[in-house]
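The next block holds one structure in the form of structure tokens; read it before the comments.
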Amino acid sequence: MKKSAVVLLLAVTMAFTGCGEEKDASQNADTSADEKVDLQGGESDTQSENRTDLGEDANAADANSDVLADGVLNVGTNAEFPPFEFVGDDGEPDGFDMALVKAIAEKLGVEVQVENMEFDSLVASIGSKIDIAIAGMTVTDERKAMVDFSDNYYEAVQYVIVPADSDIAQAADLEGKNIGVQLGTTGDFIVEDIKDATASQYNKAVDAVNDLRNGRVDAVIIDKNPAQVFGEQFKDEVKLFDGESPEFGFEKEYYAIAMPKGDEALAKKINDALAELKSDGTFDELVSQYIGN
Ligand code: ARG
């Protein structure tokens, strides 16, 4: 996307979300944004090294690193995506992502304040309602035009859930079908490319699964781990296909934390914390606690 288009898009987004605080405008209009987008393209493990050599970019970033100044990291999520985020018994968002972001915040010496919102609003809310978003969010080029991403922290792929007695068994069988998805997710984007298929879009993934059980949709396309949770929950009624299998051929996806565009200081802090949690074993502990295997 052209720089002018990015700026325009951000201006429109800010108008919509009603935000216009100085800090957002200066961050988002950062003219070096395009180069920073490119930095995200490489292998995730090399990104933090690149950032330490940014020279003048690093100075520019210092001016932007005020997100943590109040001691609170405002984190947006959509707690409809187990095991990464779900509403716990106490009514608060829980799950792998919540535990991970709290561990990151602890390293940064700040408190986490979680805002549970619609998945489709997260990216546009960064820099206004929320500082960052963690929501099993796949890194995509479209999103990278609006936000920066941390290093990847999890590999995923879309799965296909169908009724136990369904004939659907390969990508071609999805043509012309009514497919349940969570609005604005990569599963939703996949359906756009399936010939004659209709996307039934839900704010909550579980509602899509319930409509599958009720016979209102023919299939649900959703990320692997939530698919496995729902598949287990309704195991007598549904069956799952790994979208990465040759029958479906969906591409691998990578989850990362979405952050304000151009705030290199914040990105470095978050990536350094993530790297520490990986090397000290905390990350793996959280994986086994929340995701298993
Ligand atoms: N990985 C998918 C995406 O980025 C789905 C994420 C949905 N996450 C959620 N918390 N509801 O589009």
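Here, A, B, ... name the chains of the structure tokens in the order displayed, residue numbers run from 1 inside each chain, and ligands are numbered from 1 in the same displayed order.
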
Within 6 Å of ligand 1: each chain A residue with its shortest pair, only C-alpha atoms and all ligand atoms, as a Markdown table:
| residue | atom | partner | partner_atom_place_in_ligand_line | distance |
| --- | --- | --- | --- | --- |
| A:Thr77 | CA | ligand 1 | 10 (N) | 5.9 |
| A:Asn78 | CA | ligand 1 | 10 (N) | 4.2 |
| A:Ala79 | CA | ligand 1 | 10 (N) | 5.5 |
| A:Glu80 | CA | ligand 1 | 11 (N) | 5.2 |
| A:Phe81 | CA | ligand 1 | 10 (N) | 4.7 |
| A:Phe119 | CA | ligand 1 | 11 (N) | 5.2 |
| A:Ala135 | CA | ligand 1 | 10 (N) | 3.9 |
| A:Gly136 | CA | ligand 1 | 6 (C) | 4.8 |
| A:Met137 | CA | ligand 1 | 4 (O) | 3.5 |
| A:Thr138 | CA | ligand 1 | 4 (O) | 3.7 |
| A:Thr185 | CA | ligand 1 | 12 (O) | 3.1 |
| A:Thr186 | CA | ligand 1 | 12 (O) | 3.9 |
| A:Asp223 | CA | ligand 1 | 1 (N) | 6.0 |

How would the residues just picked look written out with all heavy atoms as a short mmCIF file (atom, residue, chain, number, x, y, z; two decimals), in the first residue's frame?
data_model
loop_
_atom_site.label_atom_id
_atom_site.label_comp_id
_atom_site.auth_asym_id
_atom_site.auth_seq_id
_atom_site.Cartn_x
_atom_site.Cartn_y
_atom_site.Cartn_z
N THR A 77 -8.15 -7.51 23.55
CA THR A 77 -8.28 -8.89 23.09
C THR A 77 -9.73 -9.15 22.73
O THR A 77 -10.58 -8.26 22.86
CB THR A 77 -7.79 -9.91 24.15
OG1 THR A 77 -7.59 -11.18 23.51
CG2 THR A 77 -8.78 -10.07 25.30
N ASN A 78 -9.99 -10.36 22.25
CA ASN A 78 -11.35 -10.80 22.01
C ASN A 78 -11.43 -12.18 22.65
O ASN A 78 -10.93 -13.16 22.07
CB ASN A 78 -11.64 -10.87 20.50
CG ASN A 78 -12.96 -11.56 20.22
OD1 ASN A 78 -12.97 -12.73 19.84
ND2 ASN A 78 -14.05 -10.86 20.40
N ALA A 79 -12.02 -12.24 23.83
CA ALA A 79 -11.94 -13.46 24.63
C ALA A 79 -12.98 -14.50 24.20
O ALA A 79 -13.80 -14.96 24.99
CB ALA A 79 -12.07 -13.12 26.11
N GLU A 80 -12.91 -14.84 22.93
CA GLU A 80 -13.83 -15.81 22.31
C GLU A 80 -13.03 -16.82 21.53
O GLU A 80 -13.47 -17.29 20.47
CB GLU A 80 -14.80 -15.07 21.35
CG GLU A 80 -15.62 -13.99 21.99
CD GLU A 80 -16.63 -14.55 23.00
OE1 GLU A 80 -16.92 -15.75 22.96
OE2 GLU A 80 -17.11 -13.74 23.83
N PHE A 81 -11.86 -17.16 21.99
CA PHE A 81 -10.91 -17.90 21.17
C PHE A 81 -10.07 -18.83 22.05
O PHE A 81 -8.86 -18.65 22.18
CB PHE A 81 -10.04 -16.85 20.45
CG PHE A 81 -9.29 -17.32 19.25
CD1 PHE A 81 -9.94 -17.69 18.08
CD2 PHE A 81 -7.90 -17.34 19.27
CE1 PHE A 81 -9.22 -18.08 16.96
CE2 PHE A 81 -7.17 -17.73 18.15
CZ PHE A 81 -7.84 -18.09 16.99
N PHE A 119 -13.17 -8.78 17.82
CA PHE A 119 -11.90 -9.02 17.14
C PHE A 119 -11.68 -8.03 16.01
O PHE A 119 -10.58 -7.48 15.84
CB PHE A 119 -11.84 -10.46 16.61
CG PHE A 119 -10.52 -10.76 15.95
CD1 PHE A 119 -9.41 -11.04 16.72
CD2 PHE A 119 -10.39 -10.72 14.58
CE1 PHE A 119 -8.17 -11.28 16.13
CE2 PHE A 119 -9.16 -10.96 13.97
CZ PHE A 119 -8.05 -11.25 14.75
N ALA A 135 -4.39 -11.50 20.55
CA ALA A 135 -5.68 -12.16 20.32
C ALA A 135 -5.53 -13.32 19.33
O ALA A 135 -6.35 -13.47 18.44
CB ALA A 135 -6.69 -11.14 19.78
N GLY A 136 -4.46 -14.09 19.47
CA GLY A 136 -4.23 -15.14 18.48
C GLY A 136 -4.25 -14.52 17.09
O GLY A 136 -4.74 -15.12 16.14
N MET A 137 -3.70 -13.33 17.00
CA MET A 137 -3.84 -12.56 15.75
C MET A 137 -2.75 -12.93 14.76
O MET A 137 -1.55 -12.85 15.06
CB MET A 137 -3.80 -11.06 16.03
CG MET A 137 -4.14 -10.24 14.79
SD MET A 137 -4.05 -8.47 15.08
CE MET A 137 -5.52 -8.24 16.06
N THR A 138 -3.17 -13.32 13.58
CA THR A 138 -2.25 -13.70 12.52
C THR A 138 -1.63 -12.45 11.89
O THR A 138 -2.33 -11.47 11.64
CB THR A 138 -3.02 -14.48 11.44
OG1 THR A 138 -3.64 -15.61 12.06
CG2 THR A 138 -2.11 -14.92 10.31
N THR A 185 -11.61 -12.40 10.55
CA THR A 185 -10.47 -13.29 10.82
C THR A 185 -9.92 -13.86 9.51
O THR A 185 -10.55 -13.76 8.44
CB THR A 185 -10.88 -14.47 11.72
OG1 THR A 185 -11.91 -15.22 11.04
CG2 THR A 185 -11.42 -13.98 13.05
N THR A 186 -8.79 -14.51 9.61
CA THR A 186 -8.19 -15.11 8.42
C THR A 186 -9.09 -16.23 7.86
O THR A 186 -9.09 -16.47 6.66
CB THR A 186 -6.79 -15.65 8.74
OG1 THR A 186 -6.81 -16.33 9.99
CG2 THR A 186 -5.79 -14.50 8.83
N ASP A 223 -9.11 -21.24 13.34
CA ASP A 223 -7.75 -21.66 13.66
C ASP A 223 -7.72 -23.02 14.40
O ASP A 223 -8.62 -23.36 15.15
CB ASP A 223 -7.07 -20.62 14.57
CG ASP A 223 -7.07 -19.23 13.94
OD1 ASP A 223 -8.13 -18.77 13.48
OD2 ASP A 223 -6.00 -18.60 13.93
#

- Item | Surrounding residues of segment 98-114 of chain A excluding itself and chain neighbours under 2 positions, 6 Å, only C-alpha atoms, as number ranges by chain | A: 71-76, 94-96, 273

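Counting only C-alpha atoms, the residue from A:Val87, A:Val229, A:Ile194, A:Ala124 that sits nearest to Met146 of chain A is A:Ala124.
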
- Tell me, in Å to one decimal, how far atom CA of Ser150 of chain A is from atom CA of Ala133 of chain A.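 Interatomic distance, atom CA of Ser150 of chain A to atom CA of Ala133 of chain A: 10.4 Å.
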
- Name all residues at most 10 Å from segment 234-236 of chain A (count only C-alpha atoms; drop same-chain ones fewer than 5 positions away) and give them as a ChimeraX atom specification. /A:163-164,209-210,213,228-229

Write the residues you've just listed into a file as a PDB file, in the first residue's frame, and include N, CA, C and O atoms for each of them.
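Ended up saving to out.pdb:
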ATOM      1  N   PRO A 163     -20.168 -31.109  10.349  1.00  0.00           N
ATOM      2  CA  PRO A 163     -20.967 -32.076  11.101  1.00  0.00           C
ATOM      3  C   PRO A 163     -20.399 -33.483  10.908  1.00  0.00           C
ATOM      4  O   PRO A 163     -19.840 -33.792   9.846  1.00  0.00           O
ATOM      5  N   ALA A 164     -20.539 -34.331  11.902  1.00  0.00           N
ATOM      6  CA  ALA A 164     -19.942 -35.669  11.875  1.00  0.00           C
ATOM      7  C   ALA A 164     -20.355 -36.465  10.629  1.00  0.00           C
ATOM      8  O   ALA A 164     -19.581 -37.257  10.110  1.00  0.00           O
ATOM      9  N   VAL A 209     -20.022 -22.209  15.624  1.00  0.00           N
ATOM     10  CA  VAL A 209     -20.028 -23.655  15.887  1.00  0.00           C
ATOM     11  C   VAL A 209     -21.435 -24.114  16.272  1.00  0.00           C
ATOM     12  O   VAL A 209     -21.902 -25.175  15.840  1.00  0.00           O
ATOM     13  N   ASN A 210     -22.140 -23.313  17.054  1.00  0.00           N
ATOM     14  CA  ASN A 210     -23.511 -23.689  17.419  1.00  0.00           C
ATOM     15  C   ASN A 210     -24.418 -23.728  16.192  1.00  0.00           C
ATOM     16  O   ASN A 210     -25.272 -24.618  16.075  1.00  0.00           O
ATOM     17  N   ARG A 213     -23.874 -26.924  14.447  1.00  0.00           N
ATOM     18  CA  ARG A 213     -24.588 -28.018  15.133  1.00  0.00           C
ATOM     19  C   ARG A 213     -26.080 -27.968  14.833  1.00  0.00           C
ATOM     20  O   ARG A 213     -26.743 -28.994  14.747  1.00  0.00           O
ATOM     21  N   GLN A 228      -9.822 -27.394  17.777  1.00  0.00           N
ATOM     22  CA  GLN A 228      -9.640 -28.604  18.587  1.00  0.00           C
ATOM     23  C   GLN A 228     -10.433 -28.522  19.889  1.00  0.00           C
ATOM     24  O   GLN A 228     -10.985 -29.521  20.346  1.00  0.00           O
ATOM     25  N   VAL A 229     -10.497 -27.309  20.465  1.00  0.00           N
ATOM     26  CA  VAL A 229     -11.283 -27.149  21.697  1.00  0.00           C
ATOM     27  C   VAL A 229     -12.759 -27.417  21.399  1.00  0.00           C
ATOM     28  O   VAL A 229     -13.421 -28.194  22.096  1.00  0.00           O
TER      29      VAL A 229
END

- Item | Pick from A:Ser125, A:Asn116, A:Asn152, A:Asn178, whichever lies nearest to Leu274 of chain A using only C-alpha atoms | A:Asn152

- Separation of atom CA of Glu247 of chain A and atom CA of Asn203 of chain A, in Å? 28.0 Å

- Item | Residue set, segment 83-280 of chain A restricted to strand (DSSP E), as a VMD selection string | chain A and resid 85 to 87 93 to 94 111 to 116 132 to 133 148 to 149 154 to 156 158 to 163 178 to 182 198 to 202 219 to 223 238 to 242 253 to 255 258 to 259

- Shortest contact to Met117 of chain A, candidates A:Lys224, A:Lys269, A:Lys144, A:Lys204, atoms counted only C-alpha atoms, goes to A:Lys204

- Query: Where in segment 209-268 of chain A does DSSP assign helix (DSSP H, G or I), given as an NGL selection string?
  - Reply: :A and (209-213 or 224-233 or 264-268)

- Message: Which residues are close to Asn225 of chain A, i.e. within 8 Å by only C-alpha atoms, leaving aside same-chain residues fewer than 4 positions away? Reply as a ChimeraX atom specification.
- Response: /A:82-83,156,229,291
